[in-house]
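Asks: This is the structure, below, for whatever I ask next.
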Protein chains: 2
Amino acid sequence: MPIPKAQSPTTDVVLRHWREAVPNDRLAHLVKDATRGLVRALTMRLAEHRVSFGHWAFLRILWETDGLTQRGLSLQAGVMEPTTFAAIKAMEKLGYVERRQKPSSRKNVYVFLTPAGRALKGKLVPFAEGVNDIAVRGIPAADVAVTRRTLLAMIENLAAEEAASQGATRRMPSTRHMGRLVAEAGNGTRRRGAQPNP
Amino acid sequence: MPIPKAQSPTTDVVLRHWREAVPNDRLAHLVKDATRGLVRALTMRLAEHRVSFGHWAFLRILWETDGLTQRGLSLQAGVMEPTTFAAIKAMEKLGYVERRQKPSSRKNVYVFLTPAGRALKGKLVPFAEGVNDIAVRGIPAADVAVTRRTLLAMIENLAAEEAASQGATRRMPSTRHMGRLVAEAGNGTRRRGAQPNP
DNA sequence: TTGATTTACTTAGGTCTCTAAGTAAAATCA
DNA sequence: TGATTTTACTTAGAGACCTAAGTAAATCAA
């Protein structure tokens with residue numbers, strides 16, 4: 001077998017070093033790479049039906065419970081409102097959902113599937129299941145179960161820890177935080193700070 | 001202490017529905033949420049030392065093997081060159097690395113740690129270990145081992161599958177792909193082709 | 001040795017997610 | 001009731017990652 005070319009580094013090289021010793025502090029990277037693989041596989045399949053990976057999560061919630069508010073969707077999806085907002089707006093343009101307001105409240109925006117959005121279910125769910133099958137192929141079901149349980153426990157542990165240290169010193173850095181630091185450090189002659197200099 | 005507010009949904013609500021039935025097709029989301037938790041925890045800690053999560057991966061490689069090219073770094077990190085490029089540029093401005101070219105080749109760019117960059121190791125590695133400890137707290141070591149092995153197998157399965165269907169129908173959609181679709185669908189008066197099913 | 005190909009770095013721009021900072025509407029309270 | 005707080009949606013903008021499309025240097029072929 002001639003082995004085509006070198007085949008994309010992205011999907012290939014990742015493997016290389018995971019096989020070797022995986023020190024204790026690298027669990028995060030392992031989990032992250034698994035995420036990338038799964039997201040990638042699903043993204044490629046979803047794209048065939050004009051659905052982005054970001055939309056997928058919301059579609060699935062809506063198939064289950066139509067007519068939620070954007071806030072409700074955010075909670076269910078476990079993402080922040082701006083994320084939901086952008087996704088729903090795009091999905092509205094694509095004709096998968098409708099945003100409606102009830103006369104009872106002009107504040108809330110309710111999201112409903114269109115027939116097109118609902119029709120996607122039959123096509124997309126099999127893809128997700130297919131990707132899942134590929135991912136766990138050859139892995140004992142028991143191991144998958146353990147993995148599932150372990151990941152859940154990890155999520156809980158981390159959330160608990162973050163909640164416990166609430167309001168304490170550590171917070172999630174602002175999106176501009178690093179940008180500012182880099183800009184400061186970079187602007188010639190690291191003298192003082194922050195010259196936005198014209 | 002009046003308990004600030006209701007505490008961020010991001011880190012909290014995620015848990016809610018994972019406890020309930022987790023259908024088979026949701027492994028991807030579970031893995032993704034675990035990634036988020038880990039990345040988040042590490043990001044917060046790294047920020048205290050002017051290091052972003054994106055830089056972390058490269059720093060760790062450089063502590064191990066100084067003087068790699070950007071390409072080499074990309075391979076080791078398992079990311080594409082533009083990602084590396086941006087990160088290294090920022091780290092250069094922050095004074096953690098230096099980019100140098102050897103007279104033997106004016107094409108390759110070699111990346112070297114500065115003393116400041118090297119000094120970070122002592123501070124940052126404990127953070128990573130700390131996050132790891134928090135994440136796996138209370139979980140049997142055997143389970144963590146199984147999880148590690150399972151995730152690795154999943155990564156391999158997915159990479160193998162993608163390699164197998166190389167050049168075939170499915171490819172990763174271009175970054176502009178969805179943007180175009182949304183724009184088309186959106187651009188006034190969904191008269192023509194915008195119909196969901198042609 | 002010249003032309004074609006490959007390699008390594010860059011630039012452009014897009015997705016997804018986030019924090020921060022509005023802006024209105026709704027709910028609560030004094 | 002009117003003033004204050006809370007809620008829900010928006011807008012802005014950044015970071016990490018990606019694909020696509022350069023550009024210049026190095027290597028290979030004829």
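Each chain in the structure tokens gets a letter, A, B, ..., in the order shown, and its residues are numbered from 1; ligands are numbered from 1 in order too.
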Determine, counting only C-alpha atoms (C1' of nucleotides), which protein, DNA and RNA residues have an atom within 12 Å of an atom of Gln70 (chain B); residues of the same chain fewer than 2 positions away are not included. Present the result as a PDB file with N, CA and C atoms (P, O5', C5', C4', C3', O3' and C1' of nucleotides), in the first residue's frame.

Replies:
```pdb
ATOM      1  N   PHE B  58       1.862  25.564  23.840  1.00  0.00           N
ATOM      2  CA  PHE B  58       3.157  25.792  23.194  1.00  0.00           C
ATOM      3  C   PHE B  58       4.276  25.917  24.226  1.00  0.00           C
ATOM      4  N   ILE B  61       5.408  22.513  25.267  1.00  0.00           N
ATOM      5  CA  ILE B  61       6.256  21.854  24.272  1.00  0.00           C
ATOM      6  C   ILE B  61       7.661  22.447  24.308  1.00  0.00           C
ATOM      7  N   LEU B  62       7.725  23.751  24.428  1.00  0.00           N
ATOM      8  CA  LEU B  62       9.029  24.405  24.404  1.00  0.00           C
ATOM      9  C   LEU B  62       9.855  24.103  25.651  1.00  0.00           C
ATOM     10  N   ASP B  66      13.267  23.020  23.253  1.00  0.00           N
ATOM     11  CA  ASP B  66      13.424  24.405  22.839  1.00  0.00           C
ATOM     12  C   ASP B  66      13.951  24.461  21.412  1.00  0.00           C
ATOM     13  N   GLY B  67      13.630  25.532  20.719  1.00  0.00           N
ATOM     14  CA  GLY B  67      14.231  25.742  19.415  1.00  0.00           C
ATOM     15  C   GLY B  67      13.564  25.038  18.256  1.00  0.00           C
ATOM     16  N   LEU B  68      12.320  24.669  18.400  1.00  0.00           N
ATOM     17  CA  LEU B  68      11.598  24.054  17.286  1.00  0.00           C
ATOM     18  C   LEU B  68      11.206  25.109  16.263  1.00  0.00           C
ATOM     19  N   GLY B  72       7.207  22.656  13.354  1.00  0.00           N
ATOM     20  CA  GLY B  72       7.409  21.608  14.344  1.00  0.00           C
ATOM     21  C   GLY B  72       6.486  21.787  15.541  1.00  0.00           C
ATOM     22  N   LEU B  73       6.335  23.017  15.956  1.00  0.00           N
ATOM     23  CA  LEU B  73       5.439  23.298  17.066  1.00  0.00           C
ATOM     24  C   LEU B  73       4.000  22.929  16.711  1.00  0.00           C
ATOM     25  N   SER B  74       3.612  23.262  15.486  1.00  0.00           N
ATOM     26  CA  SER B  74       2.251  22.943  15.056  1.00  0.00           C
ATOM     27  C   SER B  74       2.013  21.447  15.129  1.00  0.00           C
ATOM     28  N   LEU B  75       2.974  20.704  14.655  1.00  0.00           N
ATOM     29  CA  LEU B  75       2.831  19.253  14.659  1.00  0.00           C
ATOM     30  C   LEU B  75       2.727  18.723  16.077  1.00  0.00           C
ATOM     31  N   GLN B  76       3.624  19.167  16.909  1.00  0.00           N
ATOM     32  CA  GLN B  76       3.607  18.707  18.294  1.00  0.00           C
ATOM     33  C   GLN B  76       2.302  19.066  18.989  1.00  0.00           C
ATOM     34  N   ALA B  77       1.857  20.260  18.733  1.00  0.00           N
ATOM     35  CA  ALA B  77       0.655  20.724  19.423  1.00  0.00           C
ATOM     36  C   ALA B  77      -0.604  20.143  18.784  1.00  0.00           C
ATOM     37  N   GLY B  78      -0.463  19.669  17.560  1.00  0.00           N
ATOM     38  CA  GLY B  78      -1.623  19.134  16.871  1.00  0.00           C
ATOM     39  C   GLY B  78      -2.589  20.211  16.406  1.00  0.00           C
ATOM     40  N   VAL B  79      -2.070  21.353  16.072  1.00  0.00           N
ATOM     41  CA  VAL B  79      -2.915  22.425  15.536  1.00  0.00           C
ATOM     42  C   VAL B  79      -2.335  22.893  14.208  1.00  0.00           C
ATOM     43  N   MET B  80      -3.051  23.702  13.492  1.00  0.00           N
ATOM     44  CA  MET B  80      -2.589  24.147  12.192  1.00  0.00           C
ATOM     45  C   MET B  80      -1.657  25.357  12.334  1.00  0.00           C
ATOM     46  N   GLU B  81      -0.914  25.606  11.285  1.00  0.00           N
ATOM     47  CA  GLU B  81       0.090  26.667  11.368  1.00  0.00           C
ATOM     48  C   GLU B  81      -0.452  28.037  11.742  1.00  0.00           C
ATOM     49  N   PRO B  82      -1.545  28.459  11.186  1.00  0.00           N
ATOM     50  CA  PRO B  82      -1.997  29.806  11.560  1.00  0.00           C
ATOM     51  C   PRO B  82      -2.250  29.948  13.057  1.00  0.00           C
ATOM     52  N   THR B  83      -2.713  28.891  13.666  1.00  0.00           N
ATOM     53  CA  THR B  83      -2.928  28.928  15.111  1.00  0.00           C
ATOM     54  C   THR B  83      -1.601  29.141  15.829  1.00  0.00           C
ATOM     55  N   THR B  84      -0.630  28.375  15.415  1.00  0.00           N
ATOM     56  CA  THR B  84       0.691  28.494  16.008  1.00  0.00           C
ATOM     57  C   THR B  84       1.262  29.890  15.773  1.00  0.00           C
ATOM     58  N   PHE B  85       1.149  30.316  14.566  1.00  0.00           N
ATOM     59  CA  PHE B  85       1.680  31.621  14.190  1.00  0.00           C
ATOM     60  C   PHE B  85       1.154  32.726  15.112  1.00  0.00           C
ATOM     61  N   ALA B  86      -0.154  32.765  15.267  1.00  0.00           N
ATOM     62  CA  ALA B  86      -0.760  33.809  16.093  1.00  0.00           C
ATOM     63  C   ALA B  86      -0.286  33.700  17.541  1.00  0.00           C
ATOM     64  N   ALA B  87      -0.271  32.482  18.041  1.00  0.00           N
ATOM     65  CA  ALA B  87       0.118  32.296  19.440  1.00  0.00           C
ATOM     66  C   ALA B  87       1.569  32.710  19.660  1.00  0.00           C
ATOM     67  N   ILE B  88       2.437  32.269  18.777  1.00  0.00           N
ATOM     68  CA  ILE B  88       3.863  32.568  18.945  1.00  0.00           C
ATOM     69  C   ILE B  88       4.128  34.073  18.831  1.00  0.00           C
ATOM     70  N   LYS B  89       3.423  34.702  17.913  1.00  0.00           N
ATOM     71  CA  LYS B  89       3.572  36.148  17.768  1.00  0.00           C
ATOM     72  C   LYS B  89       3.195  36.858  19.064  1.00  0.00           C
ATOM     73  N   VAL B  97       8.989  34.203  24.301  1.00  0.00           N
ATOM     74  CA  VAL B  97       9.782  33.491  23.298  1.00  0.00           C
ATOM     75  C   VAL B  97      10.461  34.478  22.363  1.00  0.00           C
ATOM     76  N   GLU B  98      11.422  33.944  21.635  1.00  0.00           N
ATOM     77  CA  GLU B  98      12.098  34.714  20.594  1.00  0.00           C
ATOM     78  C   GLU B  98      12.001  33.924  19.312  1.00  0.00           C
ATOM     79  N   ARG B  99      11.816  34.605  18.206  1.00  0.00           N
ATOM     80  CA  ARG B  99      11.796  33.939  16.913  1.00  0.00           C
ATOM     81  C   ARG B  99      13.117  34.268  16.216  1.00  0.00           C
ATOM     82  N   ARG B 100      13.826  33.233  15.844  1.00  0.00           N
ATOM     83  CA  ARG B 100      15.124  33.469  15.200  1.00  0.00           C
ATOM     84  C   ARG B 100      15.244  32.642  13.939  1.00  0.00           C
ATOM     85  N   GLN B 101      16.030  33.160  13.022  1.00  0.00           N
ATOM     86  CA  GLN B 101      16.293  32.386  11.804  1.00  0.00           C
ATOM     87  C   GLN B 101      17.757  32.045  11.761  1.00  0.00           C
ATOM     88  N   LYS B 107      14.138  30.308   5.557  1.00  0.00           N
ATOM     89  CA  LYS B 107      12.715  30.016   5.477  1.00  0.00           C
ATOM     90  C   LYS B 107      12.167  29.657   6.849  1.00  0.00           C
ATOM     91  N   ASN B 108      12.874  28.793   7.512  1.00  0.00           N
ATOM     92  CA  ASN B 108      12.379  28.329   8.808  1.00  0.00           C
ATOM     93  C   ASN B 108      12.532  29.395   9.893  1.00  0.00           C
ATOM     94  N   VAL B 109      11.580  29.393  10.783  1.00  0.00           N
ATOM     95  CA  VAL B 109      11.634  30.288  11.927  1.00  0.00           C
ATOM     96  C   VAL B 109      11.730  29.425  13.181  1.00  0.00           C
ATOM     97  N   TYR B 110      12.798  29.591  13.902  1.00  0.00           N
ATOM     98  CA  TYR B 110      12.990  28.788  15.114  1.00  0.00           C
ATOM     99  C   TYR B 110      12.529  29.571  16.331  1.00  0.00           C
ATOM    100  N   VAL B 111      11.902  28.869  17.209  1.00  0.00           N
ATOM    101  CA  VAL B 111      11.322  29.527  18.383  1.00  0.00           C
ATOM    102  C   VAL B 111      12.074  29.101  19.638  1.00  0.00           C
ATOM    103  N   PHE B 112      12.544  30.081  20.355  1.00  0.00           N
ATOM    104  CA  PHE B 112      13.291  29.809  21.584  1.00  0.00           C
ATOM    105  C   PHE B 112      12.638  30.499  22.776  1.00  0.00           C
TER     106      PHE B 112
ATOM    107  P    DA C   8       8.754  22.112   6.131  1.00  0.00           P
ATOM    108  O5'  DA C   8       8.535  23.683   6.176  1.00  0.00           O
ATOM    109  C5'  DA C   8       9.678  24.532   6.218  1.00  0.00           C
ATOM    110  C4'  DA C   8       9.204  25.940   6.529  1.00  0.00           C
ATOM    111  C3'  DA C   8       8.282  26.011   7.742  1.00  0.00           C
ATOM    112  O3'  DA C   8       8.834  26.967   8.627  1.00  0.00           O
ATOM    113  C1'  DA C   8       7.256  27.019   5.843  1.00  0.00           C
ATOM    114  P    DC C   9       8.100  27.375   9.944  1.00  0.00           P
ATOM    115  O5'  DC C   9       7.413  28.739   9.494  1.00  0.00           O
ATOM    116  C5'  DC C   9       8.258  29.785   9.081  1.00  0.00           C
ATOM    117  C4'  DC C   9       7.487  30.825   8.301  1.00  0.00           C
ATOM    118  C3'  DC C   9       6.487  31.629   9.137  1.00  0.00           C
ATOM    119  O3'  DC C   9       6.832  32.988   9.043  1.00  0.00           O
ATOM    120  C1'  DC C   9       5.543  30.961   7.082  1.00  0.00           C
ATOM    121  P    DT C  10       6.229  34.056  10.043  1.00  0.00           P
ATOM    122  O5'  DT C  10       5.249  34.932   9.135  1.00  0.00           O
ATOM    123  C5'  DT C  10       4.583  34.380   8.152  1.00  0.00           C
ATOM    124  C4'  DT C  10       3.864  35.353   7.255  1.00  0.00           C
ATOM    125  C3'  DT C  10       2.794  36.192   7.932  1.00  0.00           C
ATOM    126  O3'  DT C  10       2.773  37.502   7.360  1.00  0.00           O
ATOM    127  C1'  DT C  10       1.800  34.643   6.404  1.00  0.00           C
TER     128       DT C  10
END
```

Asks: Show which residues sit within 7 Å of region 18-30 of chain D, as a compact mmCIF listing (two decimals) with all heavy atoms, in the first residue's frame. Count only C-alpha atoms (C1' of nucleotides), and ignore same-chain residues fewer than 4 positions away.

Replies:
```txt
# COMPACT_ATOMS: atom_id res chain seq x y z
N ARG B 106 16.73 30.57 5.44
CA ARG B 106 16.01 31.81 5.69
C ARG B 106 14.50 31.58 5.63
O ARG B 106 13.73 32.50 5.61
CB ARG B 106 16.42 32.87 4.69
CG ARG B 106 17.75 33.54 5.08
CD ARG B 106 18.08 34.63 4.14
NE ARG B 106 18.20 34.12 2.77
CZ ARG B 106 17.84 34.78 1.68
NH1 ARG B 106 17.33 35.98 1.79
NH2 ARG B 106 17.99 34.26 0.50
N LYS B 107 14.14 30.31 5.56
CA LYS B 107 12.72 30.02 5.48
C LYS B 107 12.17 29.66 6.85
O LYS B 107 11.16 30.19 7.28
CB LYS B 107 12.48 28.85 4.51
CG LYS B 107 11.03 28.62 4.21
CD LYS B 107 10.80 27.70 3.03
CE LYS B 107 11.42 26.33 3.24
NZ LYS B 107 10.80 25.31 2.36
N SER B 174 -15.54 24.71 4.47
CA SER B 174 -14.77 25.95 4.57
C SER B 174 -15.36 26.84 5.66
O SER B 174 -16.53 26.74 6.00
CB SER B 174 -14.84 26.67 3.23
OG SER B 174 -14.84 28.06 3.42
N THR B 175 -14.51 27.70 6.16
CA THR B 175 -15.01 28.59 7.21
C THR B 175 -16.12 29.50 6.69
O THR B 175 -16.96 29.94 7.45
CB THR B 175 -13.88 29.48 7.77
OG1 THR B 175 -13.31 30.21 6.71
CG2 THR B 175 -12.84 28.66 8.46
```

Asks: Give me, as JSON, numbers by chain, the contact residues of chain D against chain A at a cut-off of 9 Å, counting only C-alpha atoms (C1' of nucleotides).

Replies: {"D": [7, 8, 9, 10, 13, 14, 15]}

Asks: Let me make sure I understand: among A:Met172, A:Ala185, A:Leu158, A:Leu151, which one has the smallest atom-to-atom distance to chain C if we use only C-alpha atoms (C1' of nucleotides)?

Replies: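 Checking each candidate against chain C, we get A:Met172 as the closest.
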
Asks: Could you name the residues that touch Ala153 (chain A) at 8 Å or less, counting only C-alpha atoms (C1' of nucleotides), but leaving out those on the same chain fewer than 2 positions away, as a PyMOL selection string?

Replies: (chain A and resi 149-151+155-157) or (chain B and resi 135-136+139)

Asks: Tell me which protein, DNA and RNA residues are within 10 Å of Arg171 (chain B), counting only C-alpha atoms (C1' of nucleotides), leaving out same-chain ones fewer than 6 positions away, and put them as a short mmCIF file (atom, residue, chain, number, x, y, z; two decimals) with N, CA, C and O atoms, in the first residue's frame.

Replies:
```cif
data_model
loop_
_atom_site.label_atom_id
_atom_site.label_comp_id
_atom_site.auth_asym_id
_atom_site.auth_seq_id
_atom_site.Cartn_x
_atom_site.Cartn_y
_atom_site.Cartn_z
N ARG A 40 -15.50 17.54 14.73
CA ARG A 40 -15.08 17.54 13.34
C ARG A 40 -15.89 16.55 12.51
O ARG A 40 -16.41 16.89 11.45
N ALA A 41 -16.01 15.36 13.03
CA ALA A 41 -16.74 14.32 12.30
C ALA A 41 -18.19 14.73 12.09
O ALA A 41 -18.76 14.56 11.01
N THR A 43 -19.43 17.84 12.25
CA THR A 43 -19.50 19.05 11.43
C THR A 43 -19.52 18.71 9.94
O THR A 43 -20.30 19.26 9.17
N MET A 44 -18.66 17.78 9.56
CA MET A 44 -18.58 17.42 8.15
C MET A 44 -19.90 16.83 7.65
O MET A 44 -20.34 17.11 6.55
N ARG A 45 -20.50 16.02 8.49
CA ARG A 45 -21.75 15.38 8.08
C ARG A 45 -22.91 16.37 8.07
O ARG A 45 -23.75 16.37 7.18
N ALA A 47 -22.79 19.48 7.58
CA ALA A 47 -22.64 20.47 6.52
C ALA A 47 -23.38 20.04 5.25
O ALA A 47 -23.86 20.88 4.49
N GLU A 48 -23.48 18.76 5.06
CA GLU A 48 -24.19 18.27 3.87
C GLU A 48 -25.66 18.67 3.88
O GLU A 48 -26.31 18.65 2.84
N GLU B 162 -11.71 9.21 9.28
CA GLU B 162 -11.56 10.37 8.41
C GLU B 162 -10.51 10.09 7.33
O GLU B 162 -10.69 10.44 6.17
N SER B 165 -11.93 7.86 4.57
CA SER B 165 -12.82 8.52 3.61
C SER B 165 -12.18 9.76 3.02
O SER B 165 -12.83 10.68 2.57
#
```

Asks: Find the nearest atom pair between each residue of chain C and chain B for residues within 12 Å, count only C-alpha atoms (C1' of nucleotides), give distances in Å to one decimal, sort rows by chain and ascending number, and present the table as JSON lines.

Replies:
```
{"residue": "C:DT7", "atom": "C1'", "partner": "B:Lys107", "partner_atom": "CA", "distance": 8.9}
{"residue": "C:DA8", "atom": "C1'", "partner": "B:Asn108", "partner_atom": "CA", "distance": 6.1}
{"residue": "C:DC9", "atom": "C1'", "partner": "B:Lys107", "partner_atom": "CA", "distance": 7.4}
{"residue": "C:DT10", "atom": "C1'", "partner": "B:Pro82", "partner_atom": "CA", "distance": 8.0}
{"residue": "C:DT11", "atom": "C1'", "partner": "B:Pro82", "partner_atom": "CA", "distance": 9.2}
{"residue": "C:DA12", "atom": "C1'", "partner": "B:Pro82", "partner_atom": "CA", "distance": 10.9}
{"residue": "C:DG13", "atom": "C1'", "partner": "B:Arg176", "partner_atom": "CA", "distance": 7.9}
{"residue": "C:DG14", "atom": "C1'", "partner": "B:Thr175", "partner_atom": "CA", "distance": 4.7}
{"residue": "C:DT15", "atom": "C1'", "partner": "B:Thr175", "partner_atom": "CA", "distance": 6.7}
{"residue": "C:DC16", "atom": "C1'", "partner": "B:Thr175", "partner_atom": "CA", "distance": 11.3}
{"residue": "C:DT17", "atom": "C1'", "partner": "B:Arg36", "partner_atom": "CA", "distance": 9.9}
{"residue": "C:DC18", "atom": "C1'", "partner": "B:Thr10", "partner_atom": "CA", "distance": 10.0}
{"residue": "C:DT19", "atom": "C1'", "partner": "B:Thr10", "partner_atom": "CA", "distance": 11.7}
```

Asks: If you count only C-alpha atoms (C1' of nucleotides), which residues fall within 9 Å of Lys121 (chain A), apart from same-chain ones fewer than 3 positions away, as a PDB file with C-alpha atoms, in the first residue's frame?

Replies:
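To be explicit, this is the file written out as selection-v4.pdb:
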```pdb
ATOM      1  CA  LEU A  59     -32.102  21.900  16.908  1.00  0.00           C
ATOM      2  CA  ARG A  60     -31.952  18.929  19.164  1.00  0.00           C
ATOM      3  CA  TRP A  63     -37.114  18.848  18.494  1.00  0.00           C
ATOM      4  CA  GLY A 117     -36.416  22.633  10.836  1.00  0.00           C
ATOM      5  CA  ARG A 118     -38.497  19.782  12.080  1.00  0.00           C
ATOM      6  CA  LEU A 124     -29.486  14.494  11.255  1.00  0.00           C
ATOM      7  CA  VAL A 125     -30.021  12.180  14.175  1.00  0.00           C
ATOM      8  CA  PRO A 126     -28.726   9.177  12.241  1.00  0.00           C
TER       9      PRO A 126
END
```

Asks: In Å, with one decimal, what is the gap from CA of Lys123 (chain A) to CA of Leu42 (chain A)?

Replies: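 Computed distance, CA of Lys123 (chain A) to CA of Leu42 (chain A), equals 12.7 Å.
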
Asks: Restricting the calculation to only C-alpha atoms: of B:Leu113, B:Leu46, B:Ala90, B:Ala141, which residue gets closest to chain A?

Replies: B:Ala90

Asks: One decimal, Å: what's the distance from CA of Ala142 (chain B) over to CA of Ala28 (chain A), could you say?

Replies: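 So the two atoms, CA of Ala142 (chain B) and CA of Ala28 (chain A), lie 17.4 Å apart.
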
Asks: Let's see if you can do this: from backbone DSSP, list all helix (DSSP H, G or I) residues in region 38-169 of chain A, as a PyMOL selection string.

Replies: chain A and resi 38-47+53-64+70-77+81-93+115-136+141-164

Asks: From the list B:Ser105, B:Ala164, B:His49, B:Val39, which residue is nearest chain A when using only C-alpha atoms?

Replies: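 Ranking B:Ser105, B:Ala164, B:His49, B:Val39 by distance to chain A, first place goes to B:Val39.
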
Asks: Choose the residue, out of A:Gly122, A:Pro103, A:Gly95, A:Gly54, that has the smallest atom-to-atom separation from chain B; count only C-alpha atoms.

Replies: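 Among the listed residues, the smallest separation from chain B belongs to A:Gly95.
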
Asks: Would you compute the distance between CA of Val31 (chain B) and CA of Ala119 (chain A)? Give it in Å to one decimal.

Replies: 27.2 Å
